[in-house]
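Working notes, structure below.
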Amino acid sequence: MKKILFALTLVMFFVASAFAGDIYFDSKWTLWSDADILIWTPDPEPALDIKEFCLSLRRSNSGIGIPKCRVFGEWERDSIAVRYANWLSANMDPTLDASYLKARHPAMSAKIQTLEDRIVLFIADKGSFLQIAIFDETANTPKAAGTVRKTSDKVALGDDIADTFFDRQTKRRLSKEERLKQAAEPDEYFKEVPNFRAWAGVSAGYAQAQFPLTPDDWYSSHVKSQVRNYRITKDSVSLWNFIDDSTPLFTLYAGGIWYGFIGGEIFYRYSSHKVKTDSKDTIYKELDHWDFYQHEVGLNVMFSKTYDPFKWLDIHLFGFLGFQYSFYVEDIELKDDVKKPSKAYSSRIRFEDVYKGALLGFGSQFVFLDHYAVSARTGMSSRGKNVYSDPTPDAAAEPTTIGASTIDWFISFGLEYHWSL
């Protein structure tokens with residue numbers, strides 16, 4: 001019994017393959033609900049039954065509503081359309097794409113552009129098979145072309161054409177105003193690059209001294225250091241010897257790109273860092289908390305490349321190089337029961353007024369419907385202070401500079417709003 005079922009399945013497969021249509025090319029196009037289908041043929045009579053074909057469309061696509069099918073007599077009586085139909089019948093070939101079948105006569109192009117969301121089904125009888133091409137108002141080339149095997153069964157023939165060449169999804173028919181707007185829109189695979197594209201956004205991320213996939217011993221002196229007696233640490237070169245390097249990061253930013261290539265961005269970043277006090281140092285018994293708030297403002301120069309994989313999605317890949325100024329605001333409090341702080345508290349470590357640094361990184365923006373975007377970026381940032389100064393008679397032999405060279409890695413994810421000029 002299983003062998004019989006298997007054999008019947010194979011037979012049905014080969015029969016279906018024998019009658020399946022052969023598509024030369026098939027562009028994405030819209031099938032409207034309650035569609036008007038105009039049958040256009042250079043032959044004396046259409047090779048398919050018009051009424052049965054409308055029923056085939058309804059069987060193939062339950063969302064099509066009630067389509068209307070008729071012979072396109074207006075074109076069959078027009079000499080220019082007849083000449084183009086005969087030319088199509090003689091030149092359709094599997095090796096050609098749509099551009100070779102373009103309607104080049106201005107009058108014929110004008111006829112196609114005035115279809116007003118009606119669909120033209122071109123059918124040419126070639127004996128054992130039928131040539132098929134589909135036109136709509138969006139292009140003066142066929143949207144789809146191919147062949148189906150000719151059969152005397154009109155129902156099966158209509159089903160074959162409907163299943164092979166017509167989409168199974170429909171959309172609401174457009175109004176006249178909507179058609180004019182759609183005609184003015186660029187092709188979905190080509191968009192004009194705006195003179196200026198701008199955005200504003202907010203992001204959250206994370207920063208740490210250690211760069212991913214790099215050895216731990218590069219950072220151990222910074223990450224594991226602790227501050228004793230409010231000011232003593234093994235090394236003062238990096239700020240991370242005094243305050244915690246790993247912290248959440250929040251950013252406000254706005255920027256723009258000129259001609260889809262080069263642009264700039266201003267930003268403000270905020271993070272909070274705890275001082276890495278030595279828990280074994282008893283002097284900290286008087287201390288309630290000791291933190292530094294990091295505020296940074298800066299400017300990035302950006303280089304961008306745009307990809308349009310879908311009509312509703314733009315992807316902007318970018319690299320950036322910039323500079324920043326970093327300010328640290330101290331937040332320190334003693335415990336409530338401490339009346340007078342220790343001498344070390346009064347002479348604790350002090351950071352510089354401002355640190356200068358650079359940023360380098362890359363990222364991407366995913367823009368939906370031309371305005372709403374999510375973004376991701378990663379890179380490195382630095383901040384430092386010049387360790388060299390003109391000698392004075394009062395200068396110490398080896399002056400201590402806090403944070404002469406501080407570098408970290410960061411990653412962030414943002415929400416953005418875009419607009420174009």
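Chain labels run A, B, ... following the order of the structure tokens; each chain numbers its residues from 1, and ligands are numbered from 1 in the order shown.
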Within 12 Å of Ala107 of chain A, counting only C-alpha atoms, which residues qualify if same-chain residues fewer than 2 places away don't, as a list in words?
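Selected residues are Trp75, Asp78, Ser79, Ile80, Ala81, Arg83, Tyr84, Ala103, Arg104, His105, Ser109, Ala110, Lys111, Ile112, Gln113, Thr114 and Asn140 of chain A.
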Given the selection you just returned, output its residues as a file containing N, CA and C atoms, formatted as a short mmCIF file (atom, residue, chain, number, x, y, z; two decimals), in the first residue's frame.
data_model
loop_
_atom_site.label_atom_id
_atom_site.label_comp_id
_atom_site.auth_asym_id
_atom_site.auth_seq_id
_atom_site.Cartn_x
_atom_site.Cartn_y
_atom_site.Cartn_z
N TRP A 75 -6.80 48.60 -26.42
CA TRP A 75 -5.45 48.39 -26.95
C TRP A 75 -5.46 47.49 -28.18
N ASP A 78 -5.92 49.61 -31.13
CA ASP A 78 -4.95 50.69 -31.30
C ASP A 78 -3.74 50.17 -32.08
N SER A 79 -3.37 50.86 -33.15
CA SER A 79 -2.31 50.36 -34.03
C SER A 79 -0.96 50.29 -33.33
N ILE A 80 -0.65 51.28 -32.48
CA ILE A 80 0.64 51.28 -31.77
C ILE A 80 0.70 50.12 -30.79
N ALA A 81 -0.40 49.89 -30.04
CA ALA A 81 -0.44 48.79 -29.09
C ALA A 81 -0.37 47.44 -29.80
N ARG A 83 1.15 46.81 -32.69
CA ARG A 83 2.54 46.62 -33.14
C ARG A 83 3.42 46.18 -31.97
N TYR A 84 3.22 46.78 -30.79
CA TYR A 84 4.01 46.40 -29.62
C TYR A 84 3.68 44.98 -29.19
N ALA A 103 8.73 49.17 -23.57
CA ALA A 103 7.91 49.88 -24.56
C ALA A 103 8.59 51.21 -24.84
N ARG A 104 9.24 51.33 -26.00
CA ARG A 104 10.06 52.50 -26.28
C ARG A 104 9.31 53.62 -27.00
N HIS A 105 8.20 53.29 -27.64
CA HIS A 105 7.44 54.34 -28.31
C HIS A 105 6.78 55.23 -27.26
N SER A 109 4.33 54.09 -24.08
CA SER A 109 4.69 54.34 -22.68
C SER A 109 3.60 55.13 -21.98
N ALA A 110 3.03 56.12 -22.68
CA ALA A 110 1.96 56.92 -22.10
C ALA A 110 0.73 56.08 -21.82
N LYS A 111 0.42 55.13 -22.72
CA LYS A 111 -0.73 54.24 -22.48
C LYS A 111 -0.54 53.42 -21.21
N ILE A 112 0.68 52.90 -20.99
CA ILE A 112 0.94 52.09 -19.80
C ILE A 112 0.83 52.94 -18.54
N GLN A 113 1.32 54.18 -18.60
CA GLN A 113 1.31 55.04 -17.42
C GLN A 113 -0.08 55.51 -17.03
N THR A 114 -1.05 55.38 -17.92
CA THR A 114 -2.42 55.82 -17.61
C THR A 114 -3.33 54.66 -17.24
N ASN A 140 7.24 50.97 -17.74
CA ASN A 140 6.93 50.68 -19.14
C ASN A 140 7.62 49.40 -19.61
#
Just list the residues in segment 58-105 of chain A DSSP gives strand (DSSP E or B) on the backbone, as a list in words.
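Restricting segment 58-105 of chain A to strand (DSSP E or B) produces Lys68, Cys69, Arg70 and Val71 of chain A.
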Selection from above, all heavy atoms, as a PDB file, in the first residue's frame, can you write it?
ATOM      1  N   LYS A  68     -12.587  41.894 -11.613  1.00  0.00           N
ATOM      2  CA  LYS A  68     -13.310  42.076 -12.869  1.00  0.00           C
ATOM      3  C   LYS A  68     -12.331  41.827 -14.007  1.00  0.00           C
ATOM      4  O   LYS A  68     -11.254  42.432 -14.049  1.00  0.00           O
ATOM      5  CB  LYS A  68     -13.902  43.485 -12.947  1.00  0.00           C
ATOM      6  CG  LYS A  68     -14.985  43.754 -11.916  1.00  0.00           C
ATOM      7  CD  LYS A  68     -15.537  45.147 -12.015  1.00  0.00           C
ATOM      8  CE  LYS A  68     -14.605  46.167 -11.390  1.00  0.00           C
ATOM      9  NZ  LYS A  68     -14.464  46.003  -9.933  1.00  0.00           N
ATOM     10  N   CYS A  69     -12.698  40.918 -14.907  1.00  0.00           N
ATOM     11  CA  CYS A  69     -11.828  40.551 -16.021  1.00  0.00           C
ATOM     12  C   CYS A  69     -12.553  40.849 -17.337  1.00  0.00           C
ATOM     13  O   CYS A  69     -13.734  40.526 -17.490  1.00  0.00           O
ATOM     14  CB  CYS A  69     -11.468  39.057 -15.962  1.00  0.00           C
ATOM     15  SG  CYS A  69     -10.739  38.532 -14.393  1.00  0.00           S
ATOM     16  N   ARG A  70     -11.822  41.441 -18.277  1.00  0.00           N
ATOM     17  CA  ARG A  70     -12.398  41.696 -19.593  1.00  0.00           C
ATOM     18  C   ARG A  70     -11.289  41.798 -20.628  1.00  0.00           C
ATOM     19  O   ARG A  70     -10.116  41.989 -20.291  1.00  0.00           O
ATOM     20  CB  ARG A  70     -13.230  42.975 -19.603  1.00  0.00           C
ATOM     21  CG  ARG A  70     -12.422  44.262 -19.404  1.00  0.00           C
ATOM     22  CD  ARG A  70     -13.332  45.476 -19.506  1.00  0.00           C
ATOM     23  NE  ARG A  70     -12.632  46.739 -19.299  1.00  0.00           N
ATOM     24  CZ  ARG A  70     -12.006  47.425 -20.246  1.00  0.00           C
ATOM     25  NH1 ARG A  70     -11.983  46.960 -21.514  1.00  0.00           N
ATOM     26  NH2 ARG A  70     -11.405  48.571 -19.984  1.00  0.00           N
ATOM     27  N   VAL A  71     -11.664  41.670 -21.887  1.00  0.00           N
ATOM     28  CA  VAL A  71     -10.722  41.844 -22.992  1.00  0.00           C
ATOM     29  C   VAL A  71     -10.389  43.328 -23.111  1.00  0.00           C
ATOM     30  O   VAL A  71     -11.274  44.195 -23.056  1.00  0.00           O
ATOM     31  CB  VAL A  71     -11.308  41.309 -24.308  1.00  0.00           C
ATOM     32  CG1 VAL A  71     -10.375  41.637 -25.472  1.00  0.00           C
ATOM     33  CG2 VAL A  71     -11.542  39.815 -24.202  1.00  0.00           C
TER      34      VAL A  71
END
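Close contacts of Glu416 of chain A, defined as residues with an atom at most 8 Å away when counting only C-alpha atoms, with chain neighbours fewer than 3 positions off set aside, comprise Trp199, Ala200, Gly201, Val202, Tyr372, Ala373, Val374 and Ser375 of chain A.
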I'd like the contact shell of segment 204-218 of chain A - 10 Å cut-off, only C-alpha atoms, skipping same-chain residues fewer than 4 positions apart - returned as a PyMOL selection string.
chain A and resi 222-223+238+240+244-252+269-271+376-381+406-415
I'd like the interatomic distance between atom CA of Asn229 of chain A and atom CA of Phe292 of chain A, to a tenth of an Å.
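Pair atom CA of Asn229 of chain A / atom CA of Phe292 of chain A returns 17.3 Å.
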Of the candidates A:Phe53, A:Phe320, A:Tyr230, A:Tyr100, which shows the shortest atom-to-atom distance to Ile161 of chain A, using only C-alpha atoms?
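Closest to Ile161 of chain A, using only C-alpha atoms: A:Phe53.
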Which of segment 332-411 of chain A fall in helix (DSSP H, G or I), as a PyMOL selection string:
chain A and resi 343-346
Selection export as a PDB file, in the first residue's frame, atoms kept: N, CA, C and O atoms:
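Okay, this is what ended up in again.pdb:
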ATOM      1  N   LYS A 343      42.703  64.557  59.280  1.00  0.00           N
ATOM      2  CA  LYS A 343      43.570  65.416  58.486  1.00  0.00           C
ATOM      3  C   LYS A 343      43.690  64.892  57.057  1.00  0.00           C
ATOM      4  O   LYS A 343      43.756  65.668  56.095  1.00  0.00           O
ATOM      5  N   ALA A 344      43.716  63.558  56.914  1.00  0.00           N
ATOM      6  CA  ALA A 344      43.811  62.958  55.583  1.00  0.00           C
ATOM      7  C   ALA A 344      42.592  63.292  54.738  1.00  0.00           C
ATOM      8  O   ALA A 344      42.697  63.479  53.519  1.00  0.00           O
ATOM      9  N   TYR A 345      41.410  63.382  55.386  1.00  0.00           N
ATOM     10  CA  TYR A 345      40.190  63.749  54.652  1.00  0.00           C
ATOM     11  C   TYR A 345      40.334  65.142  54.036  1.00  0.00           C
ATOM     12  O   TYR A 345      39.951  65.370  52.887  1.00  0.00           O
ATOM     13  N   SER A 346      40.879  66.062  54.784  1.00  0.00           N
ATOM     14  CA  SER A 346      41.017  67.435  54.297  1.00  0.00           C
ATOM     15  C   SER A 346      42.077  67.555  53.206  1.00  0.00           C
ATOM     16  O   SER A 346      42.010  68.477  52.378  1.00  0.00           O
TER      17      SER A 346
END
Residues near Asp97 of chain A, cut-off 9 Å, only C-alpha atoms, skip fewer than 6 positions along chain, as a list of chain:residue names
A:Tyr24, A:Phe25, A:Ala145
Using only C-alpha atoms, which of A:Phe261, A:Trp87, A:Phe165, A:Tyr284 sits nearest Pro341 of chain A?
A:Tyr284
Please report the interatomic distance between atom CA of Trp419 of chain A and atom CA of Ala198 of chain A in Å with one decimal.
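Spanning atom CA of Trp419 of chain A to atom CA of Ala198 of chain A is a straight-line distance of 5.5 Å.
Atom pair atom CA of Glu296 of chain A / atom CA of Ser326 of chain A: separated by 4.4 Å.
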Close residues, Lys224 of chain A itself excluded, 10 Å, only C-alpha atoms, min 3 positions apart in chain, as a list in words
Tyr219, Ser220, Ser221, Trp240, Asn241, Phe242, Asp244 and Lys276 of chain A
Surrounding residues of Ser33 of chain A excluding itself and chain neighbours under 5 positions, 9 Å, only C-alpha atoms, as a PyMOL selection string:
chain A and resi 63-67+169-173
I need the chosen residues saved as a compact mmCIF listing (two decimals), in the first residue's frame, with N, CA and C atoms.
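See selection-v1.txt below for the written result:
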# COMPACT_ATOMS: atom_id res chain seq x y z
N GLY A 63 -8.13 36.75 -0.70
CA GLY A 63 -8.26 38.14 -0.32
C GLY A 63 -8.45 39.09 -1.47
N ILE A 64 -8.62 38.59 -2.67
CA ILE A 64 -8.70 39.47 -3.83
C ILE A 64 -10.06 40.14 -3.96
N GLY A 65 -11.04 39.66 -3.23
CA GLY A 65 -12.37 40.26 -3.33
C GLY A 65 -13.09 39.75 -4.57
N ILE A 66 -13.66 40.67 -5.35
CA ILE A 66 -14.38 40.31 -6.57
C ILE A 66 -13.66 40.97 -7.75
N PRO A 67 -12.74 40.27 -8.37
CA PRO A 67 -12.03 40.86 -9.52
C PRO A 67 -12.92 40.97 -10.74
N GLN A 169 -1.00 37.95 -2.11
CA GLN A 169 -1.33 39.02 -1.18
C GLN A 169 -1.85 40.22 -1.97
N THR A 170 -2.82 40.89 -1.42
CA THR A 170 -3.41 42.05 -2.09
C THR A 170 -3.33 43.27 -1.19
N LYS A 171 -3.53 44.43 -1.81
CA LYS A 171 -3.59 45.68 -1.08
C LYS A 171 -4.82 46.45 -1.52
N ARG A 172 -5.20 47.41 -0.68
CA ARG A 172 -6.33 48.28 -1.03
C ARG A 172 -5.99 49.07 -2.27
N ARG A 173 -6.98 49.24 -3.15
CA ARG A 173 -6.77 50.04 -4.36
C ARG A 173 -6.53 51.50 -3.97
